[in-house]
Amino acid sequence: MKVRLGSTEIGLGRYIALWTAIAIVFAFQRYMTSLLGGPVWDAVDYLRWSLIQWYTWAALAPLVFRLAVRYPIQGAVRLRGLGMQLPASVGVTVLSLAIGAMVSTLFEPSSFGEQFRQFLGQHFATGLLTYWGLFAIQQAVTLHAEKVRREVEASRLATELAQSRLQALKSQLQPHFLFNTLHAIATLLREDALSAEDMLLRLSELLRAFLEDSDGQEITLRRELVLLELYLGIQGMRFKDRLTTRIYLDPATLDCAVPSLILQPIVENAIRHGIGERVGSDHIEIESRRQGDSLCIEVRNRNSTLEARPAPSSGGHGIGMSNTALRLRELYGDAAEVRLDVIWPEGVVCRIRLPFRETEDVDDGPEIESA
């Protein structure tokens, strides 16, 4: 069984124990005061009087809490609440004195009127303070609950805003990839129609995978690599023998969570700024490994430079790199980073650092047929 105090519930046993402790403290205080001067009664009498007084308030406390909820002294109704609470505090206090006097007549030889006068003279001020103390407790609980509710609401809105921004970035990325690939297919149509047809088939598989996984912001590295292989197949048909790729993976990283489409724009930039702008061949290397609590992914190309290139976050590398930096910031904050470095003797490496977090979402991804 529970006692309801406003919006809070407390077990009956704990509730009675709390008021009993208060009664014992006040009984002891009155007994010690009597020892210092004045008539001294038996300790049991002081305990009985105190229990009558405070058990009465225990019975009236739910009423006080209901009145505090109905007539709060806050916000636009502050004056109205105060105007209701002042007479209510006096009324409930007098009621507690009357109940206490009535119960006391069962143990005392004097009449109800005599007992009521004694209660009025001894406990009226204490009763008023008790009422306003209970009122203050209820108001504090309400204000705390409202603060928690607002914090939760603010957190929910912030999360929804971040998700909306992430979805917008992801939606921006896919058309960017689509337009670039269609341009590559259009270029190849005049040279090799069969290869262009094969590229379209691979592109359709890739788009189907995007659509089936459009709501997720994270997938496993294993699934990300499947998507990347389709993309690399498209680029391999475009550049033929000029482009080779190697992938070096730590098996412990395959089930780690990574942002979906995190590798495709990085590899696309490596190809575009390497073999796409420079003569000769290019070699793309992709490596994943664990370093402490971080997942490190590197994408290297051997036919590119960083001469006069702006930082990735500035947008100088186009939508792909800028979106990668923004998505990492939205998803992981300072726990993730992306940067470009020069490698010897020639080439550029893009280094991505993410929190190492394994996920059980291994088999729920889109099914992809080999193209």
# chains A, B, ... in the order shown; residues from 1 in each chain; ligands from 1
call {"tool": "residues_around", "arguments": {"residues": "range 179-183 of chain A", "least_positions_apart": "5", "cutoff": "10 Å", "atoms": "only C-alpha atoms", "output": "PDB file with all heavy atoms, in the first residue's frame"}}
result
ATOM      1  N   GLN A 174      24.227  11.017 -51.171  1.00  0.00           N
ATOM      2  CA  GLN A 174      23.846  10.011 -52.158  1.00  0.00           C
ATOM      3  C   GLN A 174      23.586  10.593 -53.548  1.00  0.00           C
ATOM      4  O   GLN A 174      24.057  10.032 -54.539  1.00  0.00           O
ATOM      5  CB  GLN A 174      22.641   9.223 -51.644  1.00  0.00           C
ATOM      6  CG  GLN A 174      22.996   8.362 -50.443  1.00  0.00           C
ATOM      7  CD  GLN A 174      21.821   7.567 -49.927  1.00  0.00           C
ATOM      8  OE1 GLN A 174      20.756   7.571 -50.532  1.00  0.00           O
ATOM      9  NE2 GLN A 174      22.003   6.892 -48.810  1.00  0.00           N
ATOM     10  N   LEU A 188      31.536   6.564 -70.625  1.00  0.00           N
ATOM     11  CA  LEU A 188      31.955   5.245 -71.099  1.00  0.00           C
ATOM     12  C   LEU A 188      31.050   4.693 -72.204  1.00  0.00           C
ATOM     13  O   LEU A 188      31.451   3.789 -72.939  1.00  0.00           O
ATOM     14  CB  LEU A 188      31.970   4.269 -69.914  1.00  0.00           C
ATOM     15  CG  LEU A 188      32.622   2.904 -70.104  1.00  0.00           C
ATOM     16  CD1 LEU A 188      34.094   3.064 -70.471  1.00  0.00           C
ATOM     17  CD2 LEU A 188      32.472   2.070 -68.849  1.00  0.00           C
ATOM     18  N   ALA A 196      29.588  -0.133 -69.863  1.00  0.00           N
ATOM     19  CA  ALA A 196      28.635   0.846 -69.338  1.00  0.00           C
ATOM     20  C   ALA A 196      27.391   0.149 -68.810  1.00  0.00           C
ATOM     21  O   ALA A 196      26.837   0.538 -67.766  1.00  0.00           O
ATOM     22  CB  ALA A 196      28.270   1.846 -70.435  1.00  0.00           C
ATOM     23  N   MET A 199      28.214  -1.360 -65.502  1.00  0.00           N
ATOM     24  CA  MET A 199      28.264  -0.309 -64.488  1.00  0.00           C
ATOM     25  C   MET A 199      26.866   0.074 -64.031  1.00  0.00           C
ATOM     26  O   MET A 199      26.628   0.311 -62.834  1.00  0.00           O
ATOM     27  CB  MET A 199      28.999   0.925 -65.029  1.00  0.00           C
ATOM     28  CG  MET A 199      30.504   0.745 -65.180  1.00  0.00           C
ATOM     29  SD  MET A 199      31.316   2.208 -65.870  1.00  0.00           S
ATOM     30  CE  MET A 199      31.070   3.380 -64.545  1.00  0.00           C
ATOM     31  N   LEU A 200      25.914   0.115 -64.967  1.00  0.00           N
ATOM     32  CA  LEU A 200      24.538   0.451 -64.595  1.00  0.00           C
ATOM     33  C   LEU A 200      23.947  -0.623 -63.673  1.00  0.00           C
ATOM     34  O   LEU A 200      23.213  -0.305 -62.726  1.00  0.00           O
ATOM     35  CB  LEU A 200      23.673   0.594 -65.846  1.00  0.00           C
ATOM     36  CG  LEU A 200      23.769   1.921 -66.593  1.00  0.00           C
ATOM     37  CD1 LEU A 200      22.993   1.859 -67.903  1.00  0.00           C
ATOM     38  CD2 LEU A 200      23.242   3.063 -65.716  1.00  0.00           C
ATOM     39  N   LEU A 203      25.430  -0.124 -60.336  1.00  0.00           N
ATOM     40  CA  LEU A 203      24.849   1.072 -59.738  1.00  0.00           C
ATOM     41  C   LEU A 203      23.447   0.790 -59.203  1.00  0.00           C
ATOM     42  O   LEU A 203      23.074   1.259 -58.119  1.00  0.00           O
ATOM     43  CB  LEU A 203      24.805   2.200 -60.761  1.00  0.00           C
ATOM     44  CG  LEU A 203      24.170   3.521 -60.281  1.00  0.00           C
ATOM     45  CD1 LEU A 203      24.947   4.082 -59.089  1.00  0.00           C
ATOM     46  CD2 LEU A 203      24.122   4.534 -61.421  1.00  0.00           C
ATOM     47  N   TYR A 231      31.070  -0.043 -55.462  1.00  0.00           N
ATOM     48  CA  TYR A 231      31.557   1.230 -55.991  1.00  0.00           C
ATOM     49  C   TYR A 231      32.908   1.051 -56.690  1.00  0.00           C
ATOM     50  O   TYR A 231      33.130   1.589 -57.782  1.00  0.00           O
ATOM     51  CB  TYR A 231      31.674   2.240 -54.864  1.00  0.00           C
ATOM     52  CG  TYR A 231      32.343   3.528 -55.287  1.00  0.00           C
ATOM     53  CD1 TYR A 231      31.655   4.480 -56.043  1.00  0.00           C
ATOM     54  CD2 TYR A 231      33.676   3.763 -54.976  1.00  0.00           C
ATOM     55  CE1 TYR A 231      32.281   5.640 -56.459  1.00  0.00           C
ATOM     56  CE2 TYR A 231      34.303   4.932 -55.380  1.00  0.00           C
ATOM     57  CZ  TYR A 231      33.602   5.863 -56.128  1.00  0.00           C
ATOM     58  OH  TYR A 231      34.214   7.014 -56.540  1.00  0.00           O
ATOM     59  N   ILE A 234      32.555  -0.328 -60.083  1.00  0.00           N
ATOM     60  CA  ILE A 234      32.164   0.685 -61.074  1.00  0.00           C
ATOM     61  C   ILE A 234      33.387   1.477 -61.526  1.00  0.00           C
ATOM     62  O   ILE A 234      33.612   1.683 -62.730  1.00  0.00           O
ATOM     63  CB  ILE A 234      31.100   1.620 -60.480  1.00  0.00           C
ATOM     64  CG1 ILE A 234      29.797   0.843 -60.234  1.00  0.00           C
ATOM     65  CG2 ILE A 234      30.850   2.816 -61.393  1.00  0.00           C
ATOM     66  CD1 ILE A 234      28.743   1.647 -59.503  1.00  0.00           C
ATOM     67  N   GLN A 235      34.211   1.910 -60.571  1.00  0.00           N
ATOM     68  CA  GLN A 235      35.387   2.703 -60.929  1.00  0.00           C
ATOM     69  C   GLN A 235      36.438   1.860 -61.656  1.00  0.00           C
ATOM     70  O   GLN A 235      37.166   2.368 -62.519  1.00  0.00           O
ATOM     71  CB  GLN A 235      35.993   3.333 -59.662  1.00  0.00           C
ATOM     72  CG  GLN A 235      35.105   4.339 -58.968  1.00  0.00           C
ATOM     73  CD  GLN A 235      34.873   5.587 -59.811  1.00  0.00           C
ATOM     74  OE1 GLN A 235      35.395   5.728 -60.925  1.00  0.00           O
ATOM     75  NE2 GLN A 235      34.064   6.501 -59.288  1.00  0.00           N
ATOM     76  N   ARG A 238      35.651   1.858 -65.166  1.00  0.00           N
ATOM     77  CA  ARG A 238      35.896   3.154 -65.795  1.00  0.00           C
ATOM     78  C   ARG A 238      37.376   3.333 -66.124  1.00  0.00           C
ATOM     79  O   ARG A 238      37.734   3.780 -67.212  1.00  0.00           O
ATOM     80  CB  ARG A 238      35.424   4.269 -64.860  1.00  0.00           C
ATOM     81  CG  ARG A 238      35.709   5.664 -65.378  1.00  0.00           C
ATOM     82  CD  ARG A 238      35.325   6.709 -64.348  1.00  0.00           C
ATOM     83  NE  ARG A 238      35.702   8.040 -64.760  1.00  0.00           N
ATOM     84  CZ  ARG A 238      35.629   9.130 -63.990  1.00  0.00           C
ATOM     85  NH1 ARG A 238      35.192   9.007 -62.736  1.00  0.00           N
ATOM     86  NH2 ARG A 238      35.996  10.303 -64.443  1.00  0.00           N
ATOM     87  N   GLU A 268      36.327   7.982 -53.323  1.00  0.00           N
ATOM     88  CA  GLU A 268      36.010   8.787 -54.510  1.00  0.00           C
ATOM     89  C   GLU A 268      36.958   9.978 -54.637  1.00  0.00           C
ATOM     90  O   GLU A 268      37.466  10.289 -55.720  1.00  0.00           O
ATOM     91  CB  GLU A 268      34.568   9.274 -54.438  1.00  0.00           C
ATOM     92  CG  GLU A 268      34.168  10.109 -55.650  1.00  0.00           C
ATOM     93  CD  GLU A 268      32.721  10.566 -55.567  1.00  0.00           C
ATOM     94  OE1 GLU A 268      32.029  10.192 -54.598  1.00  0.00           O
ATOM     95  OE2 GLU A 268      32.296  11.286 -56.474  1.00  0.00           O
TER      96      GLU A 268
END
call {"tool": "select_by_dssp", "arguments": {"residues": "range 182-320 of chain A", "states": "strand (DSSP E)", "output": "PyMOL selection string"}}
result
chain A and resi 218-220+243-249+257-259+282-291+294-301
call {"tool": "residues_around", "arguments": {"residues": "Arg289 in chain A", "least_positions_apart": "3", "cutoff": "7 Å", "atoms": "only C-alpha atoms", "output": "PDB file with N, CA, C and O atoms, in the first residue's frame"}}
result
ATOM      1  N   LEU A 249      42.551  -5.634 -43.605  1.00  0.00           N
ATOM      2  CA  LEU A 249      41.574  -5.530 -42.531  1.00  0.00           C
ATOM      3  C   LEU A 249      42.027  -6.316 -41.304  1.00  0.00           C
ATOM      4  O   LEU A 249      42.508  -7.446 -41.411  1.00  0.00           O
ATOM      5  N   ASP A 250      41.854  -5.700 -40.156  1.00  0.00           N
ATOM      6  CA  ASP A 250      41.955  -6.422 -38.891  1.00  0.00           C
ATOM      7  C   ASP A 250      40.619  -7.128 -38.668  1.00  0.00           C
ATOM      8  O   ASP A 250      39.579  -6.467 -38.605  1.00  0.00           O
ATOM      9  N   THR A 253      37.868  -5.811 -36.438  1.00  0.00           N
ATOM     10  CA  THR A 253      37.157  -4.556 -36.735  1.00  0.00           C
ATOM     11  C   THR A 253      35.945  -4.745 -37.629  1.00  0.00           C
ATOM     12  O   THR A 253      35.201  -3.787 -37.855  1.00  0.00           O
ATOM     13  N   LEU A 295      38.816   2.971 -33.459  1.00  0.00           N
ATOM     14  CA  LEU A 295      38.898   2.274 -34.738  1.00  0.00           C
ATOM     15  C   LEU A 295      39.554   3.220 -35.730  1.00  0.00           C
ATOM     16  O   LEU A 295      39.060   4.332 -35.955  1.00  0.00           O
ATOM     17  N   CYS A 296      40.651   2.800 -36.304  1.00  0.00           N
ATOM     18  CA  CYS A 296      41.392   3.631 -37.252  1.00  0.00           C
ATOM     19  C   CYS A 296      41.242   3.057 -38.654  1.00  0.00           C
ATOM     20  O   CYS A 296      41.492   1.872 -38.882  1.00  0.00           O
ATOM     21  N   ILE A 297      40.844   3.910 -39.570  1.00  0.00           N
ATOM     22  CA  ILE A 297      40.674   3.525 -40.973  1.00  0.00           C
ATOM     23  C   ILE A 297      41.528   4.470 -41.813  1.00  0.00           C
ATOM     24  O   ILE A 297      41.476   5.696 -41.619  1.00  0.00           O
TER      25      ILE A 297
END
call {"tool": "residues_around", "arguments": {"residues": "Phe135 in chain A", "least_positions_apart": "3", "cutoff": "9 Å", "atoms": "only C-alpha atoms", "output": "list in words"}}
result
Val64, Phe65, Leu67, Ala68, Val69, Pro72, Thr130, Tyr131, Trp132, Gln138, Gln139 and Ala140 of chain A
call {"tool": "atom_distance", "arguments": {"atom1": "CA of Tyr31 in chain A", "atom2": "CA of Leu95 in chain A"}}
result
25.7 Å
call {"tool": "closest_residue", "arguments": {"among": "A:Val92, A:Val44, A:Ala193, A:Leu35", "to": "Leu63 in chain A", "atoms": "only C-alpha atoms"}}
result
A:Val92
call {"tool": "select_by_dssp", "arguments": {"residues": "range 196-305 of chain A", "states": "helix (DSSP H, G or I)", "output": "PyMOL selection string"}}
result
chain A and resi 196-212+221-242+251-253+264-273
call {"tool": "atom_distance", "arguments": {"atom1": "CA of Pro259 in chain A", "atom2": "CA of Glu224 in chain A"}}
result
8.5 Å
call {"tool": "decode", "arguments": {"residues": "range 279-290 of chain A", "atoms": "all heavy atoms", "output": "short mmCIF file (atom, residue, chain, number, x, y, z; two decimals), in the first residue's frame"}}
result
data_model
loop_
_atom_site.label_atom_id
_atom_site.label_comp_id
_atom_site.auth_asym_id
_atom_site.auth_seq_id
_atom_site.Cartn_x
_atom_site.Cartn_y
_atom_site.Cartn_z
N VAL A 279 48.09 11.80 -64.91
CA VAL A 279 48.33 10.71 -65.86
C VAL A 279 48.94 9.52 -65.13
O VAL A 279 49.40 9.64 -63.99
CB VAL A 279 49.27 11.18 -66.99
CG1 VAL A 279 48.62 12.29 -67.79
CG2 VAL A 279 50.62 11.63 -66.42
N GLY A 280 48.92 8.40 -65.77
CA GLY A 280 49.50 7.21 -65.18
C GLY A 280 48.48 6.40 -64.42
O GLY A 280 47.27 6.60 -64.51
N SER A 281 48.97 5.45 -63.64
CA SER A 281 48.11 4.56 -62.87
C SER A 281 48.04 5.01 -61.41
O SER A 281 48.76 5.92 -60.99
CB SER A 281 48.63 3.11 -62.95
OG SER A 281 49.95 3.05 -62.41
N ASP A 282 47.17 4.36 -60.68
CA ASP A 282 47.02 4.69 -59.25
C ASP A 282 46.73 3.41 -58.48
O ASP A 282 46.17 2.44 -59.03
CB ASP A 282 45.90 5.70 -59.04
CG ASP A 282 46.04 6.43 -57.71
OD1 ASP A 282 46.96 6.08 -56.93
OD2 ASP A 282 45.24 7.35 -57.44
N HIS A 283 47.12 3.43 -57.23
CA HIS A 283 46.93 2.28 -56.36
C HIS A 283 46.23 2.77 -55.09
O HIS A 283 46.76 3.63 -54.37
CB HIS A 283 48.28 1.64 -56.02
CG HIS A 283 48.16 0.39 -55.20
ND1 HIS A 283 47.60 -0.77 -55.67
CD2 HIS A 283 48.52 0.13 -53.91
CE1 HIS A 283 47.63 -1.69 -54.73
NE2 HIS A 283 48.18 -1.16 -53.64
N ILE A 284 45.04 2.23 -54.84
CA ILE A 284 44.26 2.63 -53.67
C ILE A 284 44.37 1.53 -52.62
O ILE A 284 44.15 0.36 -52.91
CB ILE A 284 42.78 2.84 -54.02
CG1 ILE A 284 42.63 3.90 -55.13
CG2 ILE A 284 41.98 3.25 -52.78
CD1 ILE A 284 43.07 5.28 -54.72
N GLU A 285 44.73 1.92 -51.39
CA GLU A 285 44.83 0.99 -50.28
C GLU A 285 43.87 1.41 -49.17
O GLU A 285 43.78 2.59 -48.83
CB GLU A 285 46.26 0.93 -49.73
CG GLU A 285 47.27 0.44 -50.74
CD GLU A 285 48.69 0.52 -50.20
OE1 GLU A 285 48.87 1.15 -49.14
OE2 GLU A 285 49.60 -0.04 -50.82
N ILE A 286 43.17 0.42 -48.62
CA ILE A 286 42.24 0.68 -47.52
C ILE A 286 42.64 -0.24 -46.36
O ILE A 286 42.80 -1.45 -46.55
CB ILE A 286 40.78 0.40 -47.94
CG1 ILE A 286 40.42 1.28 -49.13
CG2 ILE A 286 39.82 0.64 -46.77
CD1 ILE A 286 39.19 0.81 -49.87
N GLU A 287 42.80 0.34 -45.19
CA GLU A 287 43.26 -0.43 -44.04
C GLU A 287 42.42 -0.08 -42.82
O GLU A 287 42.06 1.09 -42.61
CB GLU A 287 44.74 -0.14 -43.75
CG GLU A 287 45.29 -0.89 -42.54
CD GLU A 287 46.74 -0.54 -42.24
OE1 GLU A 287 47.33 0.25 -43.01
OE2 GLU A 287 47.26 -1.04 -41.24
N SER A 288 42.09 -1.09 -42.02
CA SER A 288 41.39 -0.86 -40.75
C SER A 288 42.15 -1.58 -39.64
O SER A 288 42.64 -2.69 -39.83
CB SER A 288 39.95 -1.36 -40.82
OG SER A 288 39.90 -2.78 -40.83
N ARG A 289 42.21 -0.95 -38.47
CA ARG A 289 42.87 -1.56 -37.31
C ARG A 289 42.33 -0.91 -36.04
O ARG A 289 41.75 0.18 -36.07
CB ARG A 289 44.39 -1.39 -37.39
CG ARG A 289 44.85 0.05 -37.34
CD ARG A 289 46.35 0.16 -37.49
NE ARG A 289 46.81 1.54 -37.42
CZ ARG A 289 46.82 2.39 -38.43
NH1 ARG A 289 46.40 1.98 -39.64
NH2 ARG A 289 47.23 3.63 -38.28
N ARG A 290 42.54 -1.61 -34.96
CA ARG A 290 42.13 -1.09 -33.66
C ARG A 290 43.34 -0.53 -32.93
O ARG A 290 44.40 -1.17 -32.88
CB ARG A 290 41.48 -2.19 -32.81
CG ARG A 290 41.06 -1.71 -31.42
CD ARG A 290 40.33 -2.78 -30.64
NE ARG A 290 39.91 -2.28 -29.34
CZ ARG A 290 39.19 -2.97 -28.47
NH1 ARG A 290 38.80 -4.20 -28.77
NH2 ARG A 290 38.85 -2.44 -27.30
#
